[in-house]
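What follows is one structure encoded as structure tokens, with my remarks underneath.
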Amino acid sequence: MPRAAAVCPVVEKGNPQMFQPARYSRRDFLGRVGLGFGALMLGGQQLSPPLTRAADIPSAGPMLAPAATSDPDLDIALEAIETQAQVLPGTPTRVWSYRGRVLRGDPASLQELPGSYLGPVIRARRGQRLRVTFTNRLAQESIIHWHGLVVPPEMDGHPGLAVAGGDSYTYEFTIVNRAGTYWFHPHPHGHTGQQVYFGLAGLLLITDDEEGAAGLPTGEYDIPLVIQDRTFDADNQLVYLPNGMTDQLMGFLGERILVNGKADQTLTVARQAYRLRLLNGSNGRIYKLGWNDGTPLVVIGTDGGLLRQAVQRDYVMLSPGERVDLWADFSDRPVGSEMVLRNRAFAGFESTHMMGSRPTLPEGSDYDILRVRVERPGNNVLRLPSRLSSFDDLRLEDAVNSRSPRTFTIAMQHMAWTINGRQFEMDGVAPDEVVKAGTVEVWEFVNQPGQMGMMGQMDQSSGGHGAGHGGGSGQDSGMPTMTEEMAHPMHIHGVQFQVLDRQVRSEMRAGWETVSAGLVDEGWKDTVLMMPGERVRLLVKLPEHTGLYLYHCHNLEHEDGGLMRNFKVMA
């Protein structure tokens with residue numbers, strides 16, 4: 001697909017200093033950066049976002065139309081707004097939310113999640129030309145990333161393109177992805193975690209002829225389920241980063257589980273087959289999902305669309321940003337019966353928090369996610385297709401670096417997460433982050449284990465990375481240590497990839513084996529869970545478009561803290 005160079009992102013004239021792609025200098029680019037890791041480290045407790053008076057946000061001026069060659073098939077106006085939602089009984093909760101309307105195309109292409117502040121759900125077809133005019137009604141700058149979509153870099157939501165309050169940005173691209181479950185969320189540097197946490201997230205569901213021929217559940221039997229964890233104060237308001245620097249370094253863990261923005265969710269179903277589209281929309285929490293009665297999960301799709309055929313798992317691992325589509329058949333369940341989707345206990349990493357702080361709902365503990373109640377007879381008899389889709393695998397021999405993988409090592413240095421010893425730079429690219437458009441490469445992510453003391457004084461004998469659980473200044477001082485033995489969900493923008501293989505260090509294998517049977521590596525992916533001590537090799541089909549894209553950890557606090565880098569695609 002040729003570059004859409006003629007279709008430029010446009011910012012409204014409400015702020016004369018706003019970004020203009022053709023004239024944006026390095027100095028301006030860096031000047032547009034939001035609060036980075038250094039500023040975040042000063043944070044303590046953050047409650048729900050303060051409501052901003054409408055008069056404080058300038059109204060957007062007339063939108064400059066993109067230089068499109070034709071009218072889009074689907075044209076949507078999308079706003080980020082402040083609002084309230086009934087999440088818990090009692091006082092409504094202040095949230096941020098996307099609000100949309102269809103300007104051109106099928107009105108049914110935009111749907112609300114019933115009773116939820118999340119969304120909307122955009123339904124589109126492969127091959128459609130999509131235009132979305134995003135207006136930021138918040139007092140904080142924002143930008144939208146189309147998670148999992150293969151789009152030109154100027155349409156991908158790079159934080160350097162963040163839109164100030166009151167201004168707008170036009171996205172326009174042709175949908176080239178396979179049918180599947182994708183999503184969109186903010187991506188301003190230093191504020192992604194906060195904005196997603198307070199409610200900014202929506203689903204983009206793509207269909208095509210192949211999916212239509214598969215005979216899968218549709219309509220009311222095709223149900224998106226966004227799983228998130230949140231913490232509330234006594235007045236039902238969201239609390240973010242209550243443990244300050246600890247949450248920022250480790251990743252936020254909430255005290256309650258929400259599904260589609262609601263606590264204690266019960267899904268009522270008929271006695272028939274459903275398609276359940278699960279998204280882990282949490283900031284930092286990883287889920288090990290399984291039915292309470294041991295019924296296997298039937299997986300029909302992952303990040304990049306339908307698998308060739310369904311696979312069964314006793315449980316499924318789902319890290320932040322990942323999606324999985326399930327075939328859930330309730331036809332043999334009696335009316336009145338219930339099942340519970342639970343998070344099963346797992347190990348594999350340390351999450352010791354400084355000053356002895358422990359989350360109320362610890363990572364890897366056992367708890368309910370969603371209750372499913374069979375309430376009525378079914379009226380459709382669907383059978384699981386033996387064949388869901390067809391696609392060609394990438395081949396190792398086609399990789400231009402098959403004998404020398406491009407390696408990215410994740411480690412902690414001086415109280416900061418790094419990739420190959422580097423943190424995020426808004427337009428920075430190292431020589432080993434330059435790739436050739438349209439080629440296939442082997443990328444290797446390495447989760448480097450280690451340990452540091454509470455104040456960041458690390459074991460210098462191993463170049464700043466402790467080799468185990470002992471030693472380090474934290475123990476010498478009698479203060480608790482914080483290990484860096486954490487899982488990292490790594491996400492690559494602008495591509496879909498295939499998992500080639502995994503290796504794990506022998507001393508960490510016992511923990512890894514508590515999750516390994518739930519890793520669904522079949523099919524196409526854009527986010528991959530990497531456990532401590534694990535080395536994951538990927539076959540990546542690099543973008544045809546030239547320019548800057550991102551790769552980063554999708555633990556949003558890690559991302560905001562700098563565990564993110566650019567890669568540059570060259571012709």
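Here, A, B, ... name the chains of the structure tokens in the order displayed, residue numbers run from 1 inside each chain, and ligands are numbered from 1 in the same displayed order.
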* Please identify which residues in range 466-571 of chain A DSSP calls strand (DSSP E) from the backbone, and express them as an MDAnalysis selection string. => chainID A and resid 482:483 488:492 497:504 527:530 534:541 547:553 564:570
* Would you mind listing what lies within 6 Å of range 195-210 of chain A as number ranges by chain, with only C-alpha atoms counted and same-chain residues fewer than 5 positions away left out? => A: 95-97, 118-126, 179-185
Could the residues in this selection be saved with all heavy atoms as a short mmCIF file (atom, residue, chain, number, x, y, z; two decimals), in the first residue's frame?
data_model
loop_
_atom_site.label_atom_id
_atom_site.label_comp_id
_atom_site.auth_asym_id
_atom_site.auth_seq_id
_atom_site.Cartn_x
_atom_site.Cartn_y
_atom_site.Cartn_z
N VAL A 95 -15.03 10.96 35.38
CA VAL A 95 -14.21 10.20 34.43
C VAL A 95 -13.91 11.08 33.22
O VAL A 95 -14.51 12.14 33.02
CB VAL A 95 -14.92 8.91 33.97
CG1 VAL A 95 -15.12 7.95 35.12
CG2 VAL A 95 -16.25 9.23 33.29
N TRP A 96 -12.97 10.61 32.42
CA TRP A 96 -12.75 11.14 31.07
C TRP A 96 -13.27 10.10 30.10
O TRP A 96 -13.17 8.89 30.34
CB TRP A 96 -11.27 11.41 30.83
CG TRP A 96 -10.73 12.53 31.66
CD1 TRP A 96 -11.45 13.49 32.32
CD2 TRP A 96 -9.34 12.82 31.93
NE1 TRP A 96 -10.61 14.35 32.99
CE2 TRP A 96 -9.31 13.96 32.76
CE3 TRP A 96 -8.15 12.22 31.55
CZ2 TRP A 96 -8.11 14.52 33.21
CZ3 TRP A 96 -6.96 12.77 32.00
CH2 TRP A 96 -6.94 13.91 32.81
N SER A 97 -13.82 10.54 28.97
CA SER A 97 -14.47 9.61 28.07
C SER A 97 -14.37 10.12 26.64
O SER A 97 -14.27 11.33 26.39
CB SER A 97 -15.95 9.46 28.47
OG SER A 97 -16.61 8.51 27.67
N LEU A 118 -16.68 3.79 28.92
CA LEU A 118 -15.69 3.39 27.92
C LEU A 118 -16.32 3.43 26.53
O LEU A 118 -17.53 3.46 26.37
CB LEU A 118 -15.19 1.98 28.20
CG LEU A 118 -14.42 1.78 29.50
CD1 LEU A 118 -14.11 0.31 29.71
CD2 LEU A 118 -13.13 2.60 29.50
N GLY A 119 -15.47 3.37 25.52
CA GLY A 119 -15.95 3.35 24.15
C GLY A 119 -15.78 4.70 23.50
O GLY A 119 -15.04 5.55 23.98
N PRO A 120 -16.46 4.90 22.37
CA PRO A 120 -17.41 3.99 21.75
C PRO A 120 -16.71 2.83 21.05
O PRO A 120 -15.49 2.77 20.99
CB PRO A 120 -18.13 4.88 20.75
CG PRO A 120 -17.08 5.87 20.34
CD PRO A 120 -16.28 6.14 21.59
N VAL A 121 -17.53 1.93 20.50
CA VAL A 121 -17.03 0.84 19.66
C VAL A 121 -17.19 1.26 18.21
O VAL A 121 -18.29 1.60 17.77
CB VAL A 121 -17.81 -0.47 19.91
CG1 VAL A 121 -17.30 -1.58 19.00
CG2 VAL A 121 -17.71 -0.87 21.38
N ILE A 122 -16.08 1.29 17.49
CA ILE A 122 -16.13 1.57 16.05
C ILE A 122 -16.10 0.23 15.31
O ILE A 122 -15.21 -0.59 15.54
CB ILE A 122 -14.92 2.44 15.62
CG1 ILE A 122 -14.93 3.78 16.35
CG2 ILE A 122 -14.94 2.65 14.11
CD1 ILE A 122 -13.70 4.63 16.09
N ARG A 123 -17.08 0.02 14.45
CA ARG A 123 -17.12 -1.19 13.62
C ARG A 123 -16.85 -0.79 12.17
O ARG A 123 -17.55 0.07 11.61
CB ARG A 123 -18.48 -1.89 13.75
CG ARG A 123 -18.68 -2.53 15.13
CD ARG A 123 -19.97 -3.33 15.20
NE ARG A 123 -20.13 -3.98 16.49
CZ ARG A 123 -19.72 -5.22 16.77
NH1 ARG A 123 -19.10 -5.93 15.82
NH2 ARG A 123 -19.91 -5.74 17.96
N ALA A 124 -15.84 -1.40 11.58
CA ALA A 124 -15.43 -1.03 10.23
C ALA A 124 -15.06 -2.29 9.45
O ALA A 124 -14.90 -3.37 10.02
CB ALA A 124 -14.24 -0.07 10.29
N ARG A 125 -14.90 -2.12 8.13
CA ARG A 125 -14.53 -3.23 7.26
C ARG A 125 -13.13 -3.02 6.71
O ARG A 125 -12.71 -1.89 6.46
CB ARG A 125 -15.51 -3.37 6.10
CG ARG A 125 -16.89 -3.87 6.49
CD ARG A 125 -17.70 -4.22 5.25
NE ARG A 125 -17.10 -5.33 4.51
CZ ARG A 125 -17.30 -6.61 4.78
NH1 ARG A 125 -18.09 -6.95 5.80
NH2 ARG A 125 -16.73 -7.55 4.05
N ARG A 126 -12.45 -4.12 6.51
CA ARG A 126 -11.17 -4.07 5.84
C ARG A 126 -11.36 -3.46 4.45
O ARG A 126 -12.30 -3.79 3.73
CB ARG A 126 -10.62 -5.48 5.72
CG ARG A 126 -9.21 -5.56 5.17
CD ARG A 126 -8.73 -7.00 5.14
NE ARG A 126 -7.34 -7.11 4.78
CZ ARG A 126 -6.67 -8.26 4.69
NH1 ARG A 126 -7.31 -9.40 4.93
NH2 ARG A 126 -5.39 -8.28 4.36
N ALA A 179 -9.57 -8.94 9.73
CA ALA A 179 -10.66 -8.86 10.69
C ALA A 179 -10.16 -9.23 12.08
O ALA A 179 -9.39 -10.18 12.24
CB ALA A 179 -11.79 -9.79 10.28
N GLY A 180 -10.58 -8.46 13.09
CA GLY A 180 -10.12 -8.75 14.43
C GLY A 180 -10.54 -7.68 15.42
O GLY A 180 -11.28 -6.74 15.10
N THR A 181 -10.06 -7.83 16.65
CA THR A 181 -10.38 -6.95 17.77
C THR A 181 -9.20 -6.03 18.02
O THR A 181 -8.15 -6.46 18.50
CB THR A 181 -10.70 -7.77 19.02
OG1 THR A 181 -11.77 -8.67 18.74
CG2 THR A 181 -11.09 -6.86 20.19
N TYR A 182 -9.36 -4.76 17.70
CA TYR A 182 -8.33 -3.75 17.92
C TYR A 182 -8.90 -2.69 18.86
O TYR A 182 -10.07 -2.72 19.22
CB TYR A 182 -7.91 -3.14 16.57
CG TYR A 182 -7.47 -4.19 15.57
CD1 TYR A 182 -8.38 -4.78 14.70
CD2 TYR A 182 -6.14 -4.63 15.51
CE1 TYR A 182 -8.00 -5.76 13.79
CE2 TYR A 182 -5.75 -5.61 14.60
CZ TYR A 182 -6.68 -6.18 13.76
OH TYR A 182 -6.30 -7.15 12.87
N TRP A 183 -8.06 -1.74 19.26
CA TRP A 183 -8.58 -0.71 20.17
C TRP A 183 -7.83 0.58 19.99
O TRP A 183 -6.82 0.64 19.27
CB TRP A 183 -8.61 -1.20 21.60
CG TRP A 183 -7.29 -1.47 22.30
CD1 TRP A 183 -6.31 -2.33 21.92
CD2 TRP A 183 -6.86 -0.91 23.55
NE1 TRP A 183 -5.28 -2.35 22.85
CE2 TRP A 183 -5.61 -1.49 23.86
CE3 TRP A 183 -7.41 -0.01 24.45
CZ2 TRP A 183 -4.89 -1.16 25.03
CZ3 TRP A 183 -6.71 0.30 25.61
CH2 TRP A 183 -5.47 -0.28 25.88
N PHE A 184 -8.33 1.65 20.61
CA PHE A 184 -7.68 2.95 20.53
C PHE A 184 -7.64 3.57 21.92
O PHE A 184 -8.53 3.37 22.74
CB PHE A 184 -8.37 3.87 19.51
CG PHE A 184 -9.84 4.12 19.75
CD1 PHE A 184 -10.28 5.24 20.44
CD2 PHE A 184 -10.79 3.24 19.24
CE1 PHE A 184 -11.63 5.48 20.64
CE2 PHE A 184 -12.16 3.47 19.44
CZ PHE A 184 -12.57 4.59 20.14
N HIS A 185 -6.57 4.31 22.16
CA HIS A 185 -6.36 4.91 23.49
C HIS A 185 -5.38 6.07 23.36
O HIS A 185 -4.70 6.21 22.34
CB HIS A 185 -5.86 3.85 24.47
CG HIS A 185 -4.55 3.22 24.10
ND1 HIS A 185 -3.33 3.83 24.31
CD2 HIS A 185 -4.26 2.02 23.54
CE1 HIS A 185 -2.35 3.05 23.90
NE2 HIS A 185 -2.89 1.94 23.41
#
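You can rank A:Leu216, A:Val374, A:Leu556, A:Leu384 by their closest distance to Gln194 in chain A using only C-alpha atoms, and at the top of that list sits A:Leu556.
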* Shell of 9 Å around Arg101 in chain A, only C-alpha atoms, local chain residues under 2 positions omitted, as a PyMOL selection string -> chain A and resi 75-78+99+103+107+110
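For the choices A:Leu130, A:Ile143, A:Ile419, A:Val528, the atom-to-atom distance to Gly105 in chain A is smallest for A:Leu130 when using only C-alpha atoms.
Distance-wise, CA of Tyr367 in chain A and CA of Lys525 in chain A end up 27.2 Å apart.
Remark: for Glu513 in chain A, the closest of the candidate residues A:Ala347, A:Pro449, A:Asp432, A:Met317 is A:Ala347 (distances computed over only C-alpha atoms).
Residue nearest Arg505 in chain A, chosen from A:Val446, A:Val176, A:Ile227, A:Val316 and counting only C-alpha atoms: A:Val446.
Going from CA of Ile286 in chain A to CA of Phe391 in chain A covers 28.9 Å.
CA of Arg256 in chain A is positioned 24.8 Å from CA of Ala328 in chain A.
Running DSSP on the backbone gives helix (DSSP H, G or I) for these residues within range 179-396 of chain A: Thr192, Gly193, Gln194, Gln195, Val196, Tyr197, Asp209, Glu210, Glu211, Gly212, Ala213, Gly219, Glu220, Tyr221, Met245, Thr246, Asp247, Gln248, Leu249, Met250, Met354, Met355, Gly356 and Leu396 of chain A.
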Write the residues of the preceding selection, restricted to C-alpha atoms, as a CSV table (one decimal), in the first residue's frame.
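Generated file (result.csv):
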chain,number,residue,atom,x,y,z
A,192,THR,CA,-0.8,7.8,28.9
A,193,GLY,CA,-1.4,5.8,32.1
A,194,GLN,CA,-3.4,8.6,33.8
A,195,GLN,CA,-5.6,9.2,30.7
A,196,VAL,CA,-6.4,5.5,30.1
A,197,TYR,CA,-7.0,5.0,33.9
A,209,ASP,CA,-15.4,-11.4,3.9
A,210,GLU,CA,-13.4,-14.2,5.3
A,211,GLU,CA,-14.7,-13.6,8.8
A,212,GLY,CA,-18.2,-13.3,7.5
A,213,ALA,CA,-17.9,-16.7,5.8
A,219,GLY,CA,-25.0,-9.1,16.8
A,220,GLU,CA,-26.0,-9.5,20.5
A,221,TYR,CA,-24.0,-12.7,20.6
A,245,MET,CA,6.9,6.3,43.2
A,246,THR,CA,6.3,2.6,44.0
A,247,ASP,CA,3.3,2.5,41.6
A,248,GLN,CA,5.2,4.4,39.0
A,249,LEU,CA,8.1,2.0,39.0
A,250,MET,CA,6.2,-1.2,39.4
A,354,MET,CA,9.1,-0.1,48.8
A,355,MET,CA,8.4,0.7,52.4
A,356,GLY,CA,6.5,-2.6,52.7
A,396,LEU,CA,12.8,-17.3,9.3
* Can you pull out every residue within 8 Å of Thr93 in chain A, counting only C-alpha atoms, but drop anything in the same chain fewer than 5 positions away, and send it as an MDAnalysis selection string? => chainID A and resid 84:88 236:238
* Can you tell me, as number ranges by chain, what residues are no more than 9 Å from Gly428 in chain A when counting only C-alpha atoms, ignoring any on the same chain fewer than 5 positions away? -> A: 565-567
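Of the listed residues (A:Tyr274, A:Tyr117, A:Phe173, A:Phe330), A:Phe173 comes nearest to Pro153 in chain A; the distances count only C-alpha atoms.
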Contacts of Thr439 in chain A at 10 Å (only C-alpha atoms; same-chain gap of 5+ positions) as a compact mmCIF listing (two decimals) with all heavy atoms, in the first residue's frame:
# COMPACT_ATOMS: atom_id res chain seq x y z
N ASP A 398 13.37 -15.80 5.42
CA ASP A 398 13.11 -14.55 4.71
C ASP A 398 13.55 -13.32 5.51
O ASP A 398 13.51 -12.20 4.99
CB ASP A 398 11.62 -14.42 4.39
CG ASP A 398 11.16 -15.43 3.36
OD1 ASP A 398 12.01 -15.90 2.57
OD2 ASP A 398 9.96 -15.78 3.36
N ALA A 399 13.95 -13.52 6.76
CA ALA A 399 14.39 -12.39 7.59
C ALA A 399 15.77 -11.91 7.13
O ALA A 399 16.68 -12.72 6.91
CB ALA A 399 14.44 -12.80 9.05
N VAL A 400 15.92 -10.61 7.00
CA VAL A 400 17.19 -10.06 6.53
C VAL A 400 18.29 -10.19 7.58
O VAL A 400 19.47 -10.04 7.26
CB VAL A 400 17.02 -8.58 6.11
CG1 VAL A 400 16.06 -8.46 4.93
CG2 VAL A 400 16.54 -7.72 7.29
N ASN A 401 17.90 -10.48 8.81
CA ASN A 401 18.89 -10.62 9.90
C ASN A 401 18.71 -11.97 10.60
O ASN A 401 18.81 -12.05 11.83
CB ASN A 401 18.77 -9.48 10.90
CG ASN A 401 17.42 -9.47 11.61
OD1 ASN A 401 16.45 -10.04 11.13
ND2 ASN A 401 17.37 -8.82 12.76
N VAL A 540 9.07 -10.12 12.54
CA VAL A 540 8.36 -8.85 12.40
C VAL A 540 8.36 -8.44 10.93
O VAL A 540 9.42 -8.34 10.30
CB VAL A 540 9.03 -7.75 13.25
CG1 VAL A 540 8.25 -6.45 13.13
CG2 VAL A 540 9.16 -8.19 14.69
N LYS A 541 7.16 -8.21 10.40
CA LYS A 541 7.04 -7.63 9.06
C LYS A 541 7.00 -6.12 9.22
O LYS A 541 6.03 -5.55 9.71
CB LYS A 541 5.75 -8.12 8.39
CG LYS A 541 5.51 -7.52 7.00
CD LYS A 541 6.57 -7.94 6.00
CE LYS A 541 6.12 -7.63 4.56
NZ LYS A 541 5.98 -6.18 4.32
N LEU A 542 8.09 -5.45 8.85
CA LEU A 542 8.24 -4.03 9.11
C LEU A 542 7.35 -3.19 8.20
O LEU A 542 6.98 -3.62 7.10
CB LEU A 542 9.71 -3.64 8.95
CG LEU A 542 10.60 -4.26 10.04
CD1 LEU A 542 12.06 -4.18 9.67
CD2 LEU A 542 10.34 -3.59 11.39
N PRO A 543 6.99 -1.98 8.63
CA PRO A 543 6.05 -1.16 7.87
C PRO A 543 6.57 -0.82 6.48
O PRO A 543 7.78 -0.69 6.26
CB PRO A 543 5.91 0.11 8.72
CG PRO A 543 6.32 -0.29 10.10
CD PRO A 543 7.38 -1.33 9.91
N GLU A 544 5.64 -0.65 5.55
CA GLU A 544 5.97 -0.14 4.23
C GLU A 544 6.17 1.38 4.27
O GLU A 544 6.86 1.94 3.43
CB GLU A 544 4.84 -0.47 3.24
CG GLU A 544 4.58 -1.96 3.06
CD GLU A 544 5.65 -2.66 2.24
OE1 GLU A 544 6.48 -1.96 1.61
OE2 GLU A 544 5.65 -3.90 2.23
* Can you tell me, as number ranges by chain, what residues are no more than 7 Å from Ile175 in chain A when counting only C-alpha atoms, ignoring any on the same chain fewer than 6 positions away? -> A: 126-129
